[in-house]
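Shown next: upload-v3.txt, given as compact mmCIF, C-alpha atoms and all ligand atoms.
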# COMPACT_ATOMS: atom_id res chain seq x y z
CA MET A 199 -25.04 5.06 -11.39
CA ASN A 200 -26.63 7.03 -8.56
CA LYS A 201 -25.32 10.15 -6.90
CA LYS A 202 -23.85 8.47 -3.83
CA SER A 203 -20.28 9.53 -2.98
CA PRO A 204 -17.51 7.48 -4.60
CA ALA A 205 -15.79 4.64 -2.74
CA GLY A 206 -12.67 2.60 -3.52
CA LEU A 207 -12.37 -0.91 -4.92
CA TYR A 208 -9.55 -3.27 -3.98
CA ILE A 209 -9.03 -6.58 -5.80
CA HIS A 210 -6.62 -9.09 -4.30
CA VAL A 211 -4.76 -11.37 -6.71
CA PRO A 212 -2.97 -14.02 -4.64
CA PHE A 213 -0.56 -15.41 -7.24
CA CYS A 214 3.23 -14.97 -7.34
CA ILE A 215 5.98 -16.60 -9.35
CA GLN A 216 7.74 -17.66 -6.18
CA LYS A 217 7.21 -16.95 -2.49
CA CYS A 218 9.67 -14.40 -1.06
CA ARG A 219 11.36 -15.41 2.21
CA TYR A 220 9.82 -12.68 4.34
CA CYS A 221 6.31 -12.67 2.87
CA ASP A 222 3.25 -13.11 5.05
CA PHE A 223 0.70 -11.89 2.52
CA TYR A 224 -1.91 -14.30 1.29
CA SER A 225 -0.17 -15.36 -1.90
CA PHE A 226 1.21 -18.53 -3.37
CA PRO A 227 3.42 -19.54 -6.28
CA LYS A 228 1.99 -19.44 -9.78
CA GLY A 229 -1.55 -20.78 -9.54
CA GLU A 230 -1.89 -20.59 -13.33
CA GLU A 231 -4.52 -23.30 -13.17
CA TYR A 232 -6.66 -20.82 -11.22
CA PHE A 233 -6.21 -17.73 -13.43
CA GLU A 234 -9.30 -18.19 -15.61
CA ILE A 235 -11.61 -19.33 -12.81
CA TYR A 236 -10.28 -16.68 -10.43
CA LYS A 237 -10.89 -13.92 -12.95
CA LYS A 238 -14.48 -15.11 -13.47
CA ARG A 239 -15.10 -15.09 -9.73
CA VAL A 240 -13.63 -11.61 -9.35
CA ILE A 241 -15.95 -10.38 -12.10
CA GLU A 242 -18.93 -11.95 -10.30
CA ALA A 243 -17.84 -10.18 -7.11
CA ILE A 244 -17.51 -6.83 -8.88
CA ASP A 245 -21.11 -7.17 -10.05
CA PHE A 246 -22.36 -8.46 -6.70
CA TYR A 247 -20.92 -5.55 -4.69
CA GLY A 248 -21.59 -3.07 -7.45
CA LYS A 249 -25.30 -3.93 -7.23
CA ARG A 250 -25.38 -4.22 -3.45
CA TYR A 251 -23.95 -0.77 -2.76
CA ALA A 252 -24.60 1.02 -6.06
CA ARG A 253 -21.56 3.21 -5.48
CA PRO A 254 -19.21 4.60 -8.09
CA TYR A 255 -15.51 3.90 -7.47
CA ASN A 256 -12.93 6.64 -7.95
CA SER A 257 -10.02 4.33 -7.20
CA LEU A 258 -9.29 0.73 -8.06
CA TYR A 259 -6.26 -1.08 -6.68
CA LEU A 260 -5.21 -4.49 -7.95
CA GLY A 261 -2.95 -5.75 -5.18
CA GLY A 262 -1.46 -9.03 -4.18
CA GLY A 263 0.31 -11.20 -4.78
CA THR A 264 1.39 -10.16 -8.22
CA PRO A 265 -1.67 -9.01 -10.21
CA LEU A 266 0.39 -8.39 -13.36
CA LEU A 267 1.09 -12.11 -13.43
CA LEU A 268 -2.49 -12.58 -14.65
CA GLY A 269 -1.43 -11.01 -17.95
CA GLU A 270 -3.12 -8.37 -20.05
CA LYS A 271 -6.00 -10.55 -21.28
CA HIS A 272 -7.37 -11.43 -17.83
CA LEU A 273 -6.64 -7.96 -16.48
CA SER A 274 -8.46 -6.36 -19.42
CA ASP A 275 -11.49 -8.57 -18.73
CA ILE A 276 -11.48 -7.50 -15.07
CA MET A 277 -11.16 -3.87 -16.11
CA ALA A 278 -14.06 -4.21 -18.54
CA ALA A 279 -16.24 -5.59 -15.75
CA ALA A 280 -15.22 -2.78 -13.37
CA LYS A 281 -15.60 0.02 -15.94
CA PRO A 282 -19.34 0.68 -15.50
CA TYR A 283 -18.68 1.37 -11.81
CA LEU A 284 -15.59 3.57 -12.25
CA THR A 285 -15.64 7.37 -12.38
CA PRO A 286 -13.91 8.83 -15.49
CA ASP A 287 -11.05 10.21 -13.37
CA ALA A 288 -10.50 7.03 -11.29
CA GLU A 289 -6.95 6.18 -10.21
CA ILE A 290 -6.38 2.58 -11.29
CA THR A 291 -3.27 0.87 -9.92
CA ALA A 292 -1.90 -2.59 -10.61
CA GLU A 293 0.89 -4.11 -8.54
CA GLY A 294 3.61 -6.17 -10.11
CA ASN A 295 7.19 -7.22 -9.73
CA PRO A 296 10.22 -6.47 -11.85
CA GLY A 297 10.72 -9.13 -14.44
CA VAL A 298 7.06 -9.29 -15.44
CA SER A 299 7.51 -6.99 -18.42
CA GLU A 300 8.13 -9.92 -20.72
CA ARG A 301 4.87 -11.47 -19.51
CA CYS A 302 2.73 -8.35 -19.72
CA ASP A 303 1.98 -5.94 -22.53
CA PHE A 304 2.04 -2.55 -20.84
CA PHE A 305 0.44 -0.91 -23.89
CA ALA A 306 -2.53 -3.24 -23.50
CA LEU A 307 -2.76 -2.44 -19.79
CA ARG A 308 -2.98 1.26 -20.53
CA GLU A 309 -5.54 0.55 -23.21
CA ALA A 310 -7.57 -1.34 -20.60
CA GLY A 311 -7.61 1.77 -18.38
CA ILE A 312 -4.86 1.03 -15.83
CA ASN A 313 -3.09 4.34 -15.17
CA ARG A 314 -0.73 3.63 -12.27
CA LEU A 315 1.76 0.81 -11.62
CA SER A 316 3.44 -0.20 -8.39
CA PHE A 317 6.47 -2.51 -8.46
CA GLY A 318 8.12 -4.33 -5.57
CA LEU A 319 11.77 -3.42 -6.05
CA GLN A 320 12.87 -3.66 -2.38
CA SER A 321 16.55 -3.02 -3.19
CA SER A 322 18.87 -2.44 -6.11
CA ASP A 323 21.57 -4.64 -4.57
CA GLU A 324 21.88 -8.21 -5.92
CA LYS A 325 22.95 -9.70 -2.59
CA GLU A 326 20.14 -8.05 -0.64
CA LEU A 327 17.59 -9.19 -3.22
CA ALA A 328 18.87 -12.75 -3.05
CA ALA A 329 18.68 -12.74 0.77
CA LEU A 330 15.02 -11.72 0.55
CA GLY A 331 14.29 -14.49 -1.93
CA ARG A 332 13.36 -12.00 -4.63
CA ILE A 333 13.62 -13.42 -8.13
CA HIS A 334 14.52 -10.29 -10.07
CA SER A 335 17.78 -8.50 -10.73
CA PRO A 336 18.24 -4.71 -10.64
CA LYS A 337 18.67 -4.85 -14.41
CA GLU A 338 15.26 -6.47 -14.83
CA ALA A 339 13.76 -3.81 -12.56
CA GLU A 340 15.19 -1.11 -14.77
CA GLU A 341 13.89 -2.80 -17.92
CA THR A 342 10.43 -3.25 -16.42
CA VAL A 343 10.10 0.40 -15.39
CA LYS A 344 11.40 1.58 -18.77
CA ALA A 345 8.99 -0.68 -20.63
CA ALA A 346 6.09 0.72 -18.59
CA GLN A 347 7.24 4.30 -19.24
CA LYS A 348 7.55 3.59 -22.94
CA ALA A 349 3.93 2.49 -22.93
CA GLY A 350 2.99 5.88 -21.45
CA PHE A 351 2.79 5.17 -17.72
CA ASP A 352 3.69 8.40 -15.93
CA ASN A 353 2.60 7.39 -12.45
CA ILE A 354 4.86 4.59 -11.22
CA SER A 355 5.68 3.59 -7.66
CA LEU A 356 8.54 1.47 -6.37
CA ASP A 357 8.69 -0.28 -2.98
CA LEU A 358 11.92 -0.21 -1.00
CA MET A 359 12.63 -2.20 2.13
CA LEU A 360 14.60 -1.07 5.18
CA GLY A 361 16.56 -3.26 7.58
CA ILE A 362 17.13 -6.17 5.22
CA PRO A 363 20.11 -8.54 5.48
CA TYR A 364 23.40 -7.01 4.25
CA GLN A 365 21.92 -3.50 3.92
CA THR A 366 24.25 -0.62 4.70
CA GLU A 367 23.67 3.11 4.62
CA GLU A 368 25.62 3.20 1.39
CA SER A 369 23.58 0.46 -0.27
CA LEU A 370 20.35 2.12 0.86
CA CYS A 371 21.41 5.42 -0.72
CA LYS A 372 22.28 3.51 -3.91
CA SER A 373 18.81 1.94 -3.97
CA ILE A 374 17.22 5.37 -3.53
CA ASP A 375 19.40 6.77 -6.31
CA PHE A 376 18.44 3.84 -8.49
CA CYS A 377 14.72 4.61 -8.07
CA ASP A 378 15.23 8.32 -8.61
CA SER A 379 17.31 7.78 -11.72
CA LEU A 380 14.46 5.77 -13.23
CA GLY A 381 12.23 8.85 -12.95
CA VAL A 382 9.44 7.28 -10.90
CA GLN A 383 6.88 9.47 -9.16
CA HIS A 384 6.33 7.53 -5.93
CA ILE A 385 8.36 5.48 -3.48
CA SER A 386 7.12 3.43 -0.52
CA CYS A 387 9.70 2.57 2.16
CA TYR A 388 8.72 -0.20 4.52
CA MET A 389 10.69 -1.60 7.42
CA LEU A 390 11.23 -5.33 7.16
CA LYS A 391 9.18 -7.16 9.76
CA ILE A 392 10.21 -10.73 10.50
CA GLU A 393 6.87 -12.51 10.49
CA GLU A 394 6.64 -15.73 12.46
CA GLY A 395 6.41 -18.85 10.36
CA THR A 396 8.07 -17.32 7.29
CA PRO A 397 11.22 -18.93 5.90
CA LEU A 398 13.14 -15.80 6.93
CA ALA A 399 12.11 -16.23 10.56
CA LYS A 400 13.46 -19.79 10.48
CA SER A 401 16.70 -18.95 8.69
CA GLU A 402 20.08 -17.74 9.90
CA LEU A 403 19.54 -14.70 7.71
CA ARG A 404 17.30 -13.22 10.38
CA PHE A 405 20.43 -12.45 12.40
CA LEU A 406 21.63 -10.26 9.55
CA CYS A 407 18.52 -8.07 9.65
CA ALA A 408 18.92 -4.64 11.25
CA ASP A 409 17.94 -4.29 14.89
CA GLU A 410 15.47 -1.62 15.99
CA GLU A 411 18.09 1.08 16.39
CA LYS A 412 19.71 0.42 13.03
CA SER A 413 16.32 0.25 11.30
CA ALA A 414 15.47 3.64 12.82
CA ASP A 415 18.71 5.05 11.39
CA PHE A 416 17.86 3.62 7.97
CA TYR A 417 14.40 5.14 8.16
CA LEU A 418 15.65 8.62 9.00
CA LEU A 419 18.30 8.37 6.31
CA ALA A 420 15.69 7.31 3.74
CA CYS A 421 13.41 10.23 4.69
CA GLU A 422 16.30 12.66 4.36
CA GLU A 423 17.62 11.28 1.08
CA LEU A 424 14.19 11.09 -0.53
CA GLU A 425 13.38 14.64 0.54
CA LYS A 426 16.68 15.81 -1.01
CA ARG A 427 15.62 14.24 -4.30
CA GLY A 428 12.26 16.01 -4.27
CA PHE A 429 10.08 13.21 -2.88
CA GLU A 430 7.64 14.74 -0.43
CA GLN A 431 6.81 12.51 2.53
CA TYR A 432 3.03 12.40 2.88
CA GLU A 433 2.63 9.36 5.11
CA ILE A 434 4.86 7.38 7.48
CA SER A 435 6.12 5.14 4.65
CA ASN A 436 5.12 6.97 1.49
CA PHE A 437 6.81 9.63 -0.62
CA ALA A 438 5.63 11.31 -3.81
CA LYS A 439 6.95 13.70 -6.44
CA GLY A 440 4.78 16.23 -8.24
CA GLY A 441 1.79 15.57 -5.99
CA LYS A 442 1.43 11.96 -7.20
CA ARG A 443 0.25 10.62 -3.85
CA SER A 444 -1.49 7.25 -3.91
CA PHE A 445 -5.11 8.31 -3.92
CA HIS A 446 -6.34 4.78 -3.16
CA ASN A 447 -4.03 4.26 -0.17
CA LEU A 448 -4.88 7.70 1.18
CA ARG A 449 -8.46 6.59 1.46
CA TYR A 450 -7.52 3.98 4.09
CA TRP A 451 -5.80 6.65 6.19
CA LEU A 452 -8.63 9.12 5.69
CA ASP A 453 -11.10 6.47 6.84
CA ASP A 454 -12.94 6.53 3.49
CA GLU A 455 -15.04 3.63 2.30
CA TYR A 456 -13.86 0.76 0.10
CA ILE A 457 -14.82 -2.71 -1.03
CA GLY A 458 -12.20 -5.47 -0.94
CA ILE A 459 -12.59 -8.47 -3.24
CA GLY A 460 -10.62 -11.72 -2.96
CA PRO A 461 -9.24 -13.92 -0.17
CA SER A 462 -7.82 -11.84 2.72
CA ALA A 463 -9.35 -8.60 1.37
CA HIS A 464 -11.02 -6.20 3.82
CA SER A 465 -13.98 -3.89 3.28
CA PHE A 466 -15.38 -0.83 5.01
CA MET A 467 -18.77 0.20 3.69
CA GLU A 468 -21.72 2.01 5.22
CA GLY A 469 -20.22 1.78 8.71
CA ARG A 470 -19.60 -1.96 8.45
CA ARG A 471 -16.19 -3.66 8.35
CA PHE A 472 -15.84 -7.17 7.00
CA TYR A 473 -13.27 -9.36 5.30
CA PHE A 474 -12.78 -12.59 3.40
CA ASP A 475 -10.73 -15.40 4.97
CA ARG A 476 -7.33 -16.32 3.61
CA SER A 477 -8.83 -19.12 1.54
CA ILE A 478 -9.02 -19.17 -2.23
CA LYS A 479 -11.27 -22.22 -1.99
CA ASP A 480 -13.85 -20.33 0.08
CA PHE A 481 -13.64 -17.32 -2.21
CA LEU A 482 -14.27 -19.48 -5.26
CA GLU A 483 -16.93 -21.71 -3.78
CA LYS A 484 -18.91 -19.93 -1.08
CA PRO A 485 -21.63 -17.36 -1.80
CA PHE A 486 -20.10 -13.92 -1.14
CA CYS A 487 -22.42 -12.97 1.70
CA GLU A 488 -21.79 -16.28 3.49
CA ASN A 489 -18.05 -15.76 3.16
CA GLU A 490 -17.99 -12.27 4.75
CA LYS A 491 -16.49 -12.20 8.25
CA GLU A 492 -17.42 -9.33 10.55
CA GLU A 493 -14.84 -7.01 12.04
CA SER A 494 -15.41 -4.41 14.73
CA SER A 495 -16.95 -1.41 13.03
CA GLY A 496 -14.41 1.11 14.35
CA GLY A 497 -15.14 4.65 13.28
CA GLY A 498 -14.51 6.22 16.74
CA TRP A 499 -12.60 9.47 17.31
CA GLU A 500 -9.46 7.56 18.41
CA GLU A 501 -9.28 5.72 15.10
CA TYR A 502 -9.90 8.92 13.15
CA ALA A 503 -7.12 10.73 15.05
CA MET A 504 -4.64 7.84 14.79
CA LEU A 505 -5.11 7.53 11.05
CA ARG A 506 -4.69 11.29 10.51
CA LEU A 507 -1.49 11.25 12.54
CA ARG A 508 0.01 8.76 10.06
CA LEU A 509 -0.14 11.52 7.46
CA SER A 510 2.34 14.38 7.15
CA ASP A 511 -0.65 16.72 6.81
CA GLY A 512 -1.41 15.67 10.38
CA LEU A 513 -4.45 15.97 12.60
CA ASP A 514 -6.54 19.13 12.52
CA VAL A 515 -8.09 19.20 15.99
CA SER A 516 -10.85 21.64 15.00
CA GLU A 517 -11.98 19.15 12.34
CA LEU A 518 -11.77 16.40 14.95
CA GLU A 519 -13.95 18.43 17.31
CA SER A 520 -16.53 19.16 14.65
CA ARG A 521 -16.84 15.44 13.88
CA PHE A 522 -16.65 14.31 17.48
CA PRO A 523 -17.94 17.11 19.74
CA GLU A 524 -17.14 15.04 22.85
CA VAL A 525 -13.37 15.47 22.21
CA SER A 526 -11.38 18.50 23.38
CA GLY A 527 -8.98 19.69 20.68
CA ALA A 528 -7.38 22.11 23.16
CA ASP A 529 -6.41 19.17 25.41
CA ILE A 530 -4.77 17.39 22.47
CA LEU A 531 -2.77 20.50 21.53
CA GLU A 532 -1.70 20.87 25.15
CA ASN A 533 -0.62 17.21 25.31
CA ALA A 534 1.35 17.65 22.08
CA LYS A 535 3.31 20.76 23.12
CA PRO A 536 6.13 19.05 25.11
CA PHE A 537 7.07 17.02 22.00
CA GLU A 538 7.49 20.02 19.74
CA LYS A 539 10.82 21.24 21.09
CA PRO A 540 12.59 17.83 20.82
CA GLY A 541 11.60 17.84 17.14
CA LEU A 542 9.11 14.99 17.26
CA LEU A 543 6.16 16.97 15.96
CA ARG A 544 5.02 20.31 14.64
CA ILE A 545 2.05 22.36 15.75
CA LYS A 546 0.71 24.81 13.20
CA GLY A 547 -2.47 26.56 14.28
CA GLU A 548 -4.90 23.75 14.99
CA THR A 549 -2.87 21.02 13.30
CA VAL A 550 -0.46 18.53 14.86
CA SER A 551 1.83 16.58 12.54
CA PHE A 552 4.75 14.24 13.20
CA THR A 553 8.26 14.77 11.89
CA PRO A 554 10.17 11.71 10.59
CA LYS A 555 11.64 11.31 14.10
CA GLY A 556 8.12 11.40 15.50
CA PHE A 557 6.86 8.82 12.98
CA LEU A 558 9.43 6.42 14.40
CA LEU A 559 7.77 6.70 17.80
CA SER A 560 4.28 7.17 16.46
CA ASN A 561 2.57 4.47 18.54
CA ALA A 562 3.76 5.77 21.89
CA LEU A 563 3.52 9.38 20.81
CA THR A 564 -0.04 9.03 19.53
CA ALA A 565 -1.14 7.57 22.87
CA GLU A 566 0.54 10.44 24.78
CA ILE A 567 -1.09 13.07 22.62
CA LEU A 568 -4.57 11.64 22.51
CA PHE A 569 -4.88 10.41 26.08
CA GLY A 570 -2.33 12.52 27.99
S1 LIG B 601 6.10 -10.89 -4.64
FE1 LIG B 601 5.13 -9.79 -2.93
S2 LIG B 601 3.27 -10.94 -2.46
FE2 LIG B 601 4.55 -12.24 -3.77
S3 LIG B 601 5.67 -13.51 -2.34
FE3 LIG B 601 6.98 -11.73 -2.78
S4 LIG B 601 6.44 -10.20 -1.20
FE4 LIG B 601 4.86 -11.78 -1.18
If you convert what's in this file into structure tokens, what do you get?
Ligand code: SF4
Amino acid sequence: MNKKSPAGLYIHVPFCIQKCRYCDFYSFPKGEEYFEIYKKRVIEAIDFYGKRYARPYNSLYLGGGTPLLLGEKHLSDIMAAAKPYLTPDAEITAEGNPGVSERCDFFALREAGINRLSFGLQSSDEKELAALGRIHSPKEAEETVKAAQKAGFDNISLDLMLGIPYQTEESLCKSIDFCDSLGVQHISCYMLKIEEGTPLAKSELRFLCADEEKSADFYLLACEELEKRGFEQYEISNFAKGGKRSFHNLRYWLDDEYIGIGPSAHSFMEGRRFYFDRSIKDFLEKPFCENEKEESSGGGWEEYAMLRLRLSDGLDVSELESRFPEVSGADILENAKPFEKPGLLRIKGETVSFTPKGFLLSNALTAEILFG
């Protein structure tokens, strides 16, 4: 391995037991007939990009889909292929869903080198879960997390969803309590977006989803309740205890480089952005370089500033100026000042950071601050 700086590796696994009503990710039910062939192709891709860029990876994220559905044998094979490219301290996350514990041996996953798990809980309320088309019960979620902890996992994340049908402030607080009582280190809270073409968008249930105002209330409540329980907000939707921030996800917001493998996966390497289409057929059959689709390279000061403003650590304008001498940090601080008093942001020295209220308006606010 050469001395180039480490990058991240993302592997998309597009298989799920059943499609959730709201889901717009590239994933489809089961696909067991593909597991073996898909794993082989992923391993080929790891070698292809490993040789092309000759970069060590200090984070690996198996996302989806439901990567844990592949089971410990296939996942261990993927890990063995990735190992020569991983730094010894790499953060290695696998996503899964509650109810997979009976399909996956968590001890074997740890043995294979996976050291972080992320589960899609979404809610601890049976009715809310059923409305989303989730297949697990809160009980199964509890059993899954406990089984992972028993195997030694001490870095576990749970996803919660805001604005879902039937959700109330009380049920949201119960879901947060549920996560906290399980002793997890990380919680992601995403607002439900009704994506066109999904079963949810076509169903009457969409009328039971929270409107913008209600979703905003849920968001602020979640921020407050998580903070009370010791979860530090470090990004618009992400909260961590004991400093267990998601190192891999931080790299997207810090504009660091990564390779994405699998249909729908995106890459950013050596100033170039590209992605694979949402087609498992193309991923399996086309040569990797022929399958890469170009994206605009990005990398401008606006993108850098926007990504930093997603983080609670905020945007340090002196750092921005040193990277992009054409930008005036003083102008940005001046533009930000009027939003400090209403509690939308904080200015500390050279750094501007949003409060939870500010995160809610982050698109409009970012434009005001950056462009005046
Ligand atoms: S488990 Fe996740 S990826 Fe799979 S269908 Fe549900 S939301 Fe989509």
With the cut-off set at 10 Å and counting all atoms listed in the file, tabulate each residue of chain A with an atom at most that distance from an atom of ligand LIG 601 (chain B), showing the nearest atom pair and its distance in Å to one decimal, ordered by chain and increasing number, as JSON lines.
{"residue": "A:Val211", "atom": "CA", "partner": "B:LIG601", "partner_atom": "S2", "distance": 9.1}
{"residue": "A:Pro212", "atom": "CA", "partner": "B:LIG601", "partner_atom": "S2", "distance": 7.3}
{"residue": "A:Phe213", "atom": "CA", "partner": "B:LIG601", "partner_atom": "FE2", "distance": 6.9}
{"residue": "A:Cys214", "atom": "CA", "partner": "B:LIG601", "partner_atom": "FE2", "distance": 4.7}
{"residue": "A:Ile215", "atom": "CA", "partner": "B:LIG601", "partner_atom": "FE2", "distance": 7.2}
{"residue": "A:Gln216", "atom": "CA", "partner": "B:LIG601", "partner_atom": "S3", "distance": 6.0}
{"residue": "A:Lys217", "atom": "CA", "partner": "B:LIG601", "partner_atom": "S3", "distance": 3.8}
{"residue": "A:Cys218", "atom": "CA", "partner": "B:LIG601", "partner_atom": "FE3", "distance": 4.2}
{"residue": "A:Arg219", "atom": "CA", "partner": "B:LIG601", "partner_atom": "S3", "distance": 7.5}
{"residue": "A:Tyr220", "atom": "CA", "partner": "B:LIG601", "partner_atom": "S4", "distance": 6.9}
{"residue": "A:Cys221", "atom": "CA", "partner": "B:LIG601", "partner_atom": "FE4", "distance": 4.4}
{"residue": "A:Asp222", "atom": "CA", "partner": "B:LIG601", "partner_atom": "FE4", "distance": 6.6}
{"residue": "A:Phe223", "atom": "CA", "partner": "B:LIG601", "partner_atom": "FE4", "distance": 5.6}
{"residue": "A:Tyr224", "atom": "CA", "partner": "B:LIG601", "partner_atom": "S2", "distance": 7.2}
{"residue": "A:Ser225", "atom": "CA", "partner": "B:LIG601", "partner_atom": "S2", "distance": 5.6}
{"residue": "A:Phe226", "atom": "CA", "partner": "B:LIG601", "partner_atom": "S3", "distance": 6.8}
{"residue": "A:Pro227", "atom": "CA", "partner": "B:LIG601", "partner_atom": "S3", "distance": 7.5}
{"residue": "A:Lys228", "atom": "CA", "partner": "B:LIG601", "partner_atom": "FE2", "distance": 9.7}
{"residue": "A:Gly261", "atom": "CA", "partner": "B:LIG601", "partner_atom": "S2", "distance": 8.5}
{"residue": "A:Gly262", "atom": "CA", "partner": "B:LIG601", "partner_atom": "S2", "distance": 5.4}
{"residue": "A:Gly263", "atom": "CA", "partner": "B:LIG601", "partner_atom": "S2", "distance": 3.8}
{"residue": "A:Thr264", "atom": "CA", "partner": "B:LIG601", "partner_atom": "FE2", "distance": 5.8}
{"residue": "A:Pro265", "atom": "CA", "partner": "B:LIG601", "partner_atom": "S2", "distance": 9.4}
{"residue": "A:Glu293", "atom": "CA", "partner": "B:LIG601", "partner_atom": "FE1", "distance": 9.0}
{"residue": "A:Gly294", "atom": "CA", "partner": "B:LIG601", "partner_atom": "S1", "distance": 7.6}
{"residue": "A:Asn295", "atom": "CA", "partner": "B:LIG601", "partner_atom": "S1", "distance": 6.4}
{"residue": "A:Pro296", "atom": "CA", "partner": "B:LIG601", "partner_atom": "S1", "distance": 9.4}
{"residue": "A:Phe317", "atom": "CA", "partner": "B:LIG601", "partner_atom": "S1", "distance": 9.2}
{"residue": "A:Gly318", "atom": "CA", "partner": "B:LIG601", "partner_atom": "FE1", "distance": 6.8}
{"residue": "A:Leu319", "atom": "CA", "partner": "B:LIG601", "partner_atom": "S1", "distance": 9.5}
{"residue": "A:Gln320", "atom": "CA", "partner": "B:LIG601", "partner_atom": "S4", "distance": 9.2}
{"residue": "A:Leu330", "atom": "CA", "partner": "B:LIG601", "partner_atom": "FE3", "distance": 8.7}
{"residue": "A:Gly331", "atom": "CA", "partner": "B:LIG601", "partner_atom": "FE3", "distance": 7.9}
{"residue": "A:Arg332", "atom": "CA", "partner": "B:LIG601", "partner_atom": "FE3", "distance": 6.6}
{"residue": "A:Ile333", "atom": "CA", "partner": "B:LIG601", "partner_atom": "S1", "distance": 8.7}
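Going from atom CA of A:Thr396 to atom CA of A:Glu324 covers 21.2 Å.
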*asked:* Using Å and a single decimal, report how far atom CA of A:Phe481 sits from atom CA of A:Glu230.
replied: 16.5 Å
*Which residues come within 7 Å of A:Arg253, counting only C-alpha atoms, excluding same-chain residues fewer than 6 positions away, as number ranges by chain?*
A: 202-205
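Between A:Gln431 and the residues A:Lys412, A:His446, A:Pro554, A:Ala310, the shortest atom-to-atom distance, using all atoms listed in the file, involves A:Pro554.
The smallest atom-to-atom distance between A:Lys238 and any of A:Asp511, A:Glu483, A:Glu500, A:Asp275, using all atoms listed in the file, is found for A:Asp275.
Those residues that approach A:Ile209 to within 8 Å, counting only C-alpha atoms, are Val240, Leu258, Tyr259, Leu260, Gly261, Gly458, Ile459, Gly460 and Ala463 of chain A; same-chain residues fewer than 5 positions away are not listed.
Proximity ranking of A:Ala346, A:Ile374, A:Leu284, A:Leu327 relative to A:Ile362 places A:Leu327 first, based on all atoms listed in the file.
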*Choose the residue, out of A:Val515, A:Ile478, A:Cys371, A:Ile567, that has the smallest atom-to-atom separation from A:Glu423; count all atoms listed in the file.*
A:Cys371
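The space between atom CA of A:Ala306 and atom CA of A:Ile290 spans 14.1 Å.
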*Top pick for closest residue to A:Glu289, considering A:Leu390, A:Gln365, A:Phe437, A:Arg443 and counting only C-alpha atoms*: A:Arg443
_For A:Leu370: contacts at 8 Å, only C-alpha atoms, fewer than 3 positions along chain excluded, given as a ChimeraX atom specification_ = /A:321,360,365-367,373-374,416,420
_With all atoms listed in the file as the counted atoms, please give the residues lying no more than 8 Å from A:Ile244, apart from itself and same-chain residues fewer than 2 positions off, as a count of residues only._
9
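Counting all atoms listed in the file and comparing A:Glu340, A:Asp475, A:Glu326, A:Glu430, the residue that lies closest to A:Asn489 is A:Asp475.
Selecting by distance to (-16.5, 0.8, -6.7) with a limit of 6 Å and using only C-alpha atoms, one obtains Ala205, Gly206, Leu207, Arg253, Pro254, Tyr255 and Tyr283 of chain A.
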Contacts of A:Phe429 at 8 Å (all atoms listed in the file; same-chain gap of 3+ positions) as a PDB file with C-alpha atoms, in the frame of the given file:
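Okay, this is what ended up in around.pdb:
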ATOM      1  CA  GLN A 383       6.880   9.470  -9.160  1.00  0.00           C
ATOM      2  CA  HIS A 384       6.330   7.530  -5.930  1.00  0.00           C
ATOM      3  CA  ILE A 385       8.360   5.480  -3.480  1.00  0.00           C
ATOM      4  CA  LEU A 424      14.190  11.090  -0.530  1.00  0.00           C
ATOM      5  CA  GLU A 425      13.380  14.640   0.540  1.00  0.00           C
ATOM      6  CA  LYS A 426      16.680  15.810  -1.010  1.00  0.00           C
ATOM      7  CA  PHE A 437       6.810   9.630  -0.620  1.00  0.00           C
ATOM      8  CA  ALA A 438       5.630  11.310  -3.810  1.00  0.00           C
ATOM      9  CA  LYS A 439       6.950  13.700  -6.440  1.00  0.00           C
TER      10      LYS A 439
END
